[in-house]
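Here is target-v3.pdb, consisting of PDB, N, CA and C atoms:
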```pdb
ATOM      1  N   HIS Q 921      75.006 -43.396  -9.705  1.00  0.00           N
ATOM      2  CA  HIS Q 921      73.620 -42.921  -9.863  1.00  0.00           C
ATOM      3  C   HIS Q 921      73.580 -41.493 -10.428  1.00  0.00           C
ATOM      4  N   PRO Q 922      73.737 -41.340 -11.735  1.00  0.00           N
ATOM      5  CA  PRO Q 922      73.698 -39.986 -12.327  1.00  0.00           C
ATOM      6  C   PRO Q 922      72.320 -39.340 -12.161  1.00  0.00           C
ATOM      7  N   PHE Q 923      71.278 -40.187 -12.086  1.00  0.00           N
ATOM      8  CA  PHE Q 923      69.906 -39.674 -11.972  1.00  0.00           C
ATOM      9  C   PHE Q 923      69.737 -38.894 -10.659  1.00  0.00           C
ATOM     10  N   ASP Q 924      70.294 -39.462  -9.572  1.00  0.00           N
ATOM     11  CA  ASP Q 924      70.211 -38.799  -8.266  1.00  0.00           C
ATOM     12  C   ASP Q 924      70.897 -37.436  -8.318  1.00  0.00           C
ATOM     13  N   ARG Q 925      72.068 -37.414  -8.960  1.00  0.00           N
ATOM     14  CA  ARG Q 925      72.814 -36.156  -9.055  1.00  0.00           C
ATOM     15  C   ARG Q 925      71.992 -35.127  -9.836  1.00  0.00           C
ATOM     16  N   GLU Q 926      71.334 -35.584 -10.898  1.00  0.00           N
ATOM     17  CA  GLU Q 926      70.454 -34.695 -11.678  1.00  0.00           C
ATOM     18  C   GLU Q 926      69.380 -34.104 -10.775  1.00  0.00           C
ATOM     19  N   ASN Q 927      68.753 -34.963  -9.982  1.00  0.00           N
ATOM     20  CA  ASN Q 927      67.683 -34.510  -9.086  1.00  0.00           C
ATOM     21  C   ASN Q 927      68.183 -33.467  -8.095  1.00  0.00           C
ATOM     22  N   ILE Q 928      69.366 -33.718  -7.528  1.00  0.00           N
ATOM     23  CA  ILE Q 928      69.941 -32.778  -6.553  1.00  0.00           C
ATOM     24  C   ILE Q 928      70.200 -31.438  -7.237  1.00  0.00           C
ATOM     25  N   ASN Q 929      70.768 -31.481  -8.438  1.00  0.00           N
ATOM     26  CA  ASN Q 929      71.028 -30.246  -9.178  1.00  0.00           C
ATOM     27  C   ASN Q 929      69.728 -29.508  -9.466  1.00  0.00           C
ATOM     28  N   GLU Q 930      68.707 -30.264  -9.820  1.00  0.00           N
ATOM     29  CA  GLU Q 930      67.394 -29.673 -10.116  1.00  0.00           C
ATOM     30  C   GLU Q 930      66.846 -28.991  -8.864  1.00  0.00           C
ATOM     31  N   GLU Q 931      66.957 -29.684  -7.719  1.00  0.00           N
ATOM     32  CA  GLU Q 931      66.492 -29.113  -6.443  1.00  0.00           C
ATOM     33  C   GLU Q 931      67.253 -27.831  -6.131  1.00  0.00           C
ATOM     34  N   LYS Q 932      68.585 -27.873  -6.303  1.00  0.00           N
ATOM     35  CA  LYS Q 932      69.415 -26.691  -6.033  1.00  0.00           C
ATOM     36  C   LYS Q 932      68.984 -25.529  -6.913  1.00  0.00           C
ATOM     37  N   ARG Q 933      68.726 -25.841  -8.196  1.00  0.00           N
ATOM     38  CA  ARG Q 933      68.318 -24.801  -9.144  1.00  0.00           C
ATOM     39  C   ARG Q 933      66.978 -24.203  -8.707  1.00  0.00           C
ATOM     40  N   ARG Q 934      66.062 -25.087  -8.293  1.00  0.00           N
ATOM     41  CA  ARG Q 934      64.730 -24.633  -7.872  1.00  0.00           C
ATOM     42  C   ARG Q 934      64.838 -23.758  -6.625  1.00  0.00           C
ATOM     43  N   ILE Q 935      65.656 -24.205  -5.649  1.00  0.00           N
ATOM     44  CA  ILE Q 935      65.840 -23.449  -4.401  1.00  0.00           C
ATOM     45  C   ILE Q 935      66.458 -22.089  -4.712  1.00  0.00           C
ATOM     46  N   LYS Q 936      67.471 -22.083  -5.609  1.00  0.00           N
ATOM     47  CA  LYS Q 936      68.128 -20.829  -5.973  1.00  0.00           C
ATOM     48  C   LYS Q 936      67.125 -19.869  -6.605  1.00  0.00           C
ATOM     49  N   ALA Q 937      66.258 -20.401  -7.468  1.00  0.00           N
ATOM     50  CA  ALA Q 937      65.235 -19.574  -8.115  1.00  0.00           C
ATOM     51  C   ALA Q 937      64.279 -19.006  -7.072  1.00  0.00           C
ATOM     52  N   LEU Q 938      63.848 -19.853  -6.133  1.00  0.00           N
ATOM     53  CA  LEU Q 938      62.929 -19.403  -5.077  1.00  0.00           C
ATOM     54  C   LEU Q 938      63.580 -18.330  -4.218  1.00  0.00           C
ATOM     55  N   LEU Q 939      64.855 -18.534  -3.862  1.00  0.00           N
ATOM     56  CA  LEU Q 939      65.570 -17.548  -3.044  1.00  0.00           C
ATOM     57  C   LEU Q 939      65.698 -16.228  -3.793  1.00  0.00           C
ATOM     58  N   THR Q 940      65.982 -16.309  -5.098  1.00  0.00           N
ATOM     59  CA  THR Q 940      66.098 -15.097  -5.912  1.00  0.00           C
ATOM     60  C   THR Q 940      64.777 -14.345  -5.921  1.00  0.00           C
ATOM     61  N   ILE Q 941      63.684 -15.079  -6.156  1.00  0.00           N
ATOM     62  CA  ILE Q 941      62.350 -14.470  -6.180  1.00  0.00           C
ATOM     63  C   ILE Q 941      62.037 -13.859  -4.812  1.00  0.00           C
ATOM     64  N   ALA Q 942      62.351 -14.600  -3.751  1.00  0.00           N
ATOM     65  CA  ALA Q 942      62.099 -14.107  -2.386  1.00  0.00           C
ATOM     66  C   ALA Q 942      62.897 -12.837  -2.127  1.00  0.00           C
ATOM     67  N   GLY Q 943      64.160 -12.833  -2.550  1.00  0.00           N
ATOM     68  CA  GLY Q 943      65.010 -11.656  -2.371  1.00  0.00           C
ATOM     69  C   GLY Q 943      64.450 -10.447  -3.089  1.00  0.00           C
ATOM     70  N   VAL Q 944      64.006 -10.649  -4.325  1.00  0.00           N
ATOM     71  CA  VAL Q 944      63.415  -9.558  -5.104  1.00  0.00           C
ATOM     72  C   VAL Q 944      62.147  -9.053  -4.415  1.00  0.00           C
ATOM     73  N   ALA Q 945      61.319  -9.994  -3.953  1.00  0.00           N
ATOM     74  CA  ALA Q 945      60.058  -9.630  -3.288  1.00  0.00           C
ATOM     75  C   ALA Q 945      60.335  -8.824  -2.025  1.00  0.00           C
ATOM     76  N   VAL Q 946      61.289  -9.285  -1.211  1.00  0.00           N
ATOM     77  CA  VAL Q 946      61.635  -8.584   0.031  1.00  0.00           C
ATOM     78  C   VAL Q 946      62.162  -7.186  -0.288  1.00  0.00           C
ATOM     79  N   GLY Q 947      63.064  -7.108  -1.269  1.00  0.00           N
ATOM     80  CA  GLY Q 947      63.599  -5.808  -1.672  1.00  0.00           C
ATOM     81  C   GLY Q 947      62.500  -4.870  -2.126  1.00  0.00           C
ATOM     82  N   PHE Q 948      61.549  -5.401  -2.880  1.00  0.00           N
ATOM     83  CA  PHE Q 948      60.424  -4.606  -3.381  1.00  0.00           C
ATOM     84  C   PHE Q 948      59.575  -4.094  -2.223  1.00  0.00           C
ATOM     85  N   VAL Q 949      59.267  -4.996  -1.271  1.00  0.00           N
ATOM     86  CA  VAL Q 949      58.424  -4.625  -0.122  1.00  0.00           C
ATOM     87  C   VAL Q 949      59.116  -3.556   0.722  1.00  0.00           C
ATOM     88  N   VAL Q 950      60.418  -3.754   0.977  1.00  0.00           N
ATOM     89  CA  VAL Q 950      61.176  -2.782   1.776  1.00  0.00           C
ATOM     90  C   VAL Q 950      61.191  -1.429   1.062  1.00  0.00           C
ATOM     91  N   GLY Q 951      61.413  -1.462  -0.244  1.00  0.00           N
ATOM     92  CA  GLY Q 951      61.403  -0.227  -1.033  1.00  0.00           C
ATOM     93  C   GLY Q 951      60.054   0.466  -0.964  1.00  0.00           C
ATOM     94  N   MET Q 952      58.978  -0.322  -1.106  1.00  0.00           N
ATOM     95  CA  MET Q 952      57.626   0.236  -1.036  1.00  0.00           C
ATOM     96  C   MET Q 952      57.382   0.861   0.331  1.00  0.00           C
ATOM     97  N   LYS Q 953      57.825   0.168   1.397  1.00  0.00           N
ATOM     98  CA  LYS Q 953      57.621   0.666   2.757  1.00  0.00           C
ATOM     99  C   LYS Q 953      58.336   2.004   2.935  1.00  0.00           C
ATOM    100  N   CYS Q 954      59.560   2.111   2.409  1.00  0.00           N
ATOM    101  CA  CYS Q 954      60.310   3.367   2.497  1.00  0.00           C
ATOM    102  C   CYS Q 954      59.555   4.475   1.775  1.00  0.00           C
ATOM    103  N   GLU Q 955      59.040   4.171   0.579  1.00  0.00           N
ATOM    104  CA  GLU Q 955      58.275   5.154  -0.192  1.00  0.00           C
ATOM    105  C   GLU Q 955      57.035   5.586   0.577  1.00  0.00           C
ATOM    106  N   ILE Q 956      56.315   4.610   1.135  1.00  0.00           N
ATOM    107  CA  ILE Q 956      55.078   4.907   1.879  1.00  0.00           C
ATOM    108  C   ILE Q 956      55.400   5.783   3.092  1.00  0.00           C
ATOM    109  N   ASP Q 957      56.480   5.443   3.811  1.00  0.00           N
ATOM    110  CA  ASP Q 957      56.877   6.252   4.974  1.00  0.00           C
ATOM    111  C   ASP Q 957      57.194   7.678   4.545  1.00  0.00           C
ATOM    112  N   LYS Q 958      57.879   7.817   3.395  1.00  0.00           N
ATOM    113  CA  LYS Q 958      58.231   9.139   2.872  1.00  0.00           C
ATOM    114  C   LYS Q 958      56.961   9.947   2.604  1.00  0.00           C
ATOM    115  N   TYR Q 959      55.997   9.310   1.906  1.00  0.00           N
ATOM    116  CA  TYR Q 959      54.737   9.990   1.579  1.00  0.00           C
ATOM    117  C   TYR Q 959      53.951  10.304   2.846  1.00  0.00           C
ATOM    118  N   ARG Q 960      53.966   9.368   3.800  1.00  0.00           N
ATOM    119  CA  ARG Q 960      53.222   9.568   5.044  1.00  0.00           C
ATOM    120  C   ARG Q 960      53.768  10.792   5.780  1.00  0.00           C
ATOM    121  N   LYS Q 961      55.100  10.930   5.820  1.00  0.00           N
ATOM    122  CA  LYS Q 961      55.725  12.090   6.474  1.00  0.00           C
ATOM    123  C   LYS Q 961      55.341  13.370   5.745  1.00  0.00           C
ATOM    124  N   ALA Q 962      55.359  13.319   4.409  1.00  0.00           N
ATOM    125  CA  ALA Q 962      54.988  14.492   3.611  1.00  0.00           C
ATOM    126  C   ALA Q 962      53.535  14.877   3.887  1.00  0.00           C
ATOM    127  N   PHE Q 963      52.655  13.886   3.917  1.00  0.00           N
ATOM    128  CA  PHE Q 963      51.227  14.144   4.178  1.00  0.00           C
ATOM    129  C   PHE Q 963      51.040  14.698   5.588  1.00  0.00           C
ATOM    130  N   ALA Q 964      51.775  14.141   6.547  1.00  0.00           N
ATOM    131  CA  ALA Q 964      51.679  14.617   7.931  1.00  0.00           C
ATOM    132  C   ALA Q 964      52.084  16.088   7.995  1.00  0.00           C
ATOM    133  N   LYS Q 965      53.126  16.436   7.220  1.00  0.00           N
ATOM    134  CA  LYS Q 965      53.596  17.820   7.189  1.00  0.00           C
ATOM    135  C   LYS Q 965      52.528  18.725   6.575  1.00  0.00           C
ATOM    136  N   ILE Q 966      51.895  18.248   5.492  1.00  0.00           N
ATOM    137  CA  ILE Q 966      50.889  19.050   4.776  1.00  0.00           C
ATOM    138  C   ILE Q 966      49.600  19.144   5.589  1.00  0.00           C
ATOM    139  N   TYR Q 967      49.092  17.983   6.019  1.00  0.00           N
ATOM    140  CA  TYR Q 967      47.764  17.936   6.654  1.00  0.00           C
ATOM    141  C   TYR Q 967      47.836  18.118   8.168  1.00  0.00           C
ATOM    142  N   GLY Q 968      49.036  17.983   8.735  1.00  0.00           N
ATOM    143  CA  GLY Q 968      49.179  18.106  10.184  1.00  0.00           C
ATOM    144  C   GLY Q 968      49.097  19.555  10.651  1.00  0.00           C
ATOM    145  N   ARG Q 969      49.385  20.512   9.750  1.00  0.00           N
ATOM    146  CA  ARG Q 969      49.445  21.925  10.114  1.00  0.00           C
ATOM    147  C   ARG Q 969      48.085  22.478  10.582  1.00  0.00           C
ATOM    148  N   PRO Q 970      46.990  22.260   9.829  1.00  0.00           N
ATOM    149  CA  PRO Q 970      45.706  22.860  10.237  1.00  0.00           C
ATOM    150  C   PRO Q 970      45.206  22.343  11.588  1.00  0.00           C
ATOM    151  N   SER Q 971      45.523  21.086  11.932  1.00  0.00           N
ATOM    152  CA  SER Q 971      44.979  20.484  13.154  1.00  0.00           C
ATOM    153  C   SER Q 971      45.629  21.081  14.401  1.00  0.00           C
ATOM    154  N   ARG Q 972      46.789  21.708  14.267  1.00  0.00           N
ATOM    155  CA  ARG Q 972      47.473  22.274  15.439  1.00  0.00           C
ATOM    156  C   ARG Q 972      46.813  23.554  15.893  1.00  0.00           C
TER     157      ARG Q 972
END
```
Please lay out the structure from this file as structure tokens.
Amino acid sequence: HPFDRENINEEKRRIKALLTIAGVAVGFVVGMKCEIDKYRKAFAKIYGRPSR
């Protein structure tokens, strides 16, 4: 059944593509979170001074 093997390969390719996209998305989100935390700390340093 070469057709079945084709289907399995197609599924594997699709799963690999989805995992790659998911990995990129997760990496992007984590990177964004780090950037946001960095800016938040900077803002806290700048704007936190007058409130004390």
Expressed in Å, the length from atom N of Lys953 (chain Q) to atom C of Ile941 (chain Q) is 15.9 Å
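In this model, the gap between atom N of Ala942 (chain Q) and CA of Cys954 (chain Q) comes to 19.1 Å.
Going from CA of Val949 (chain Q) over to CA of Ile935 (chain Q), you cover 20.7 Å.
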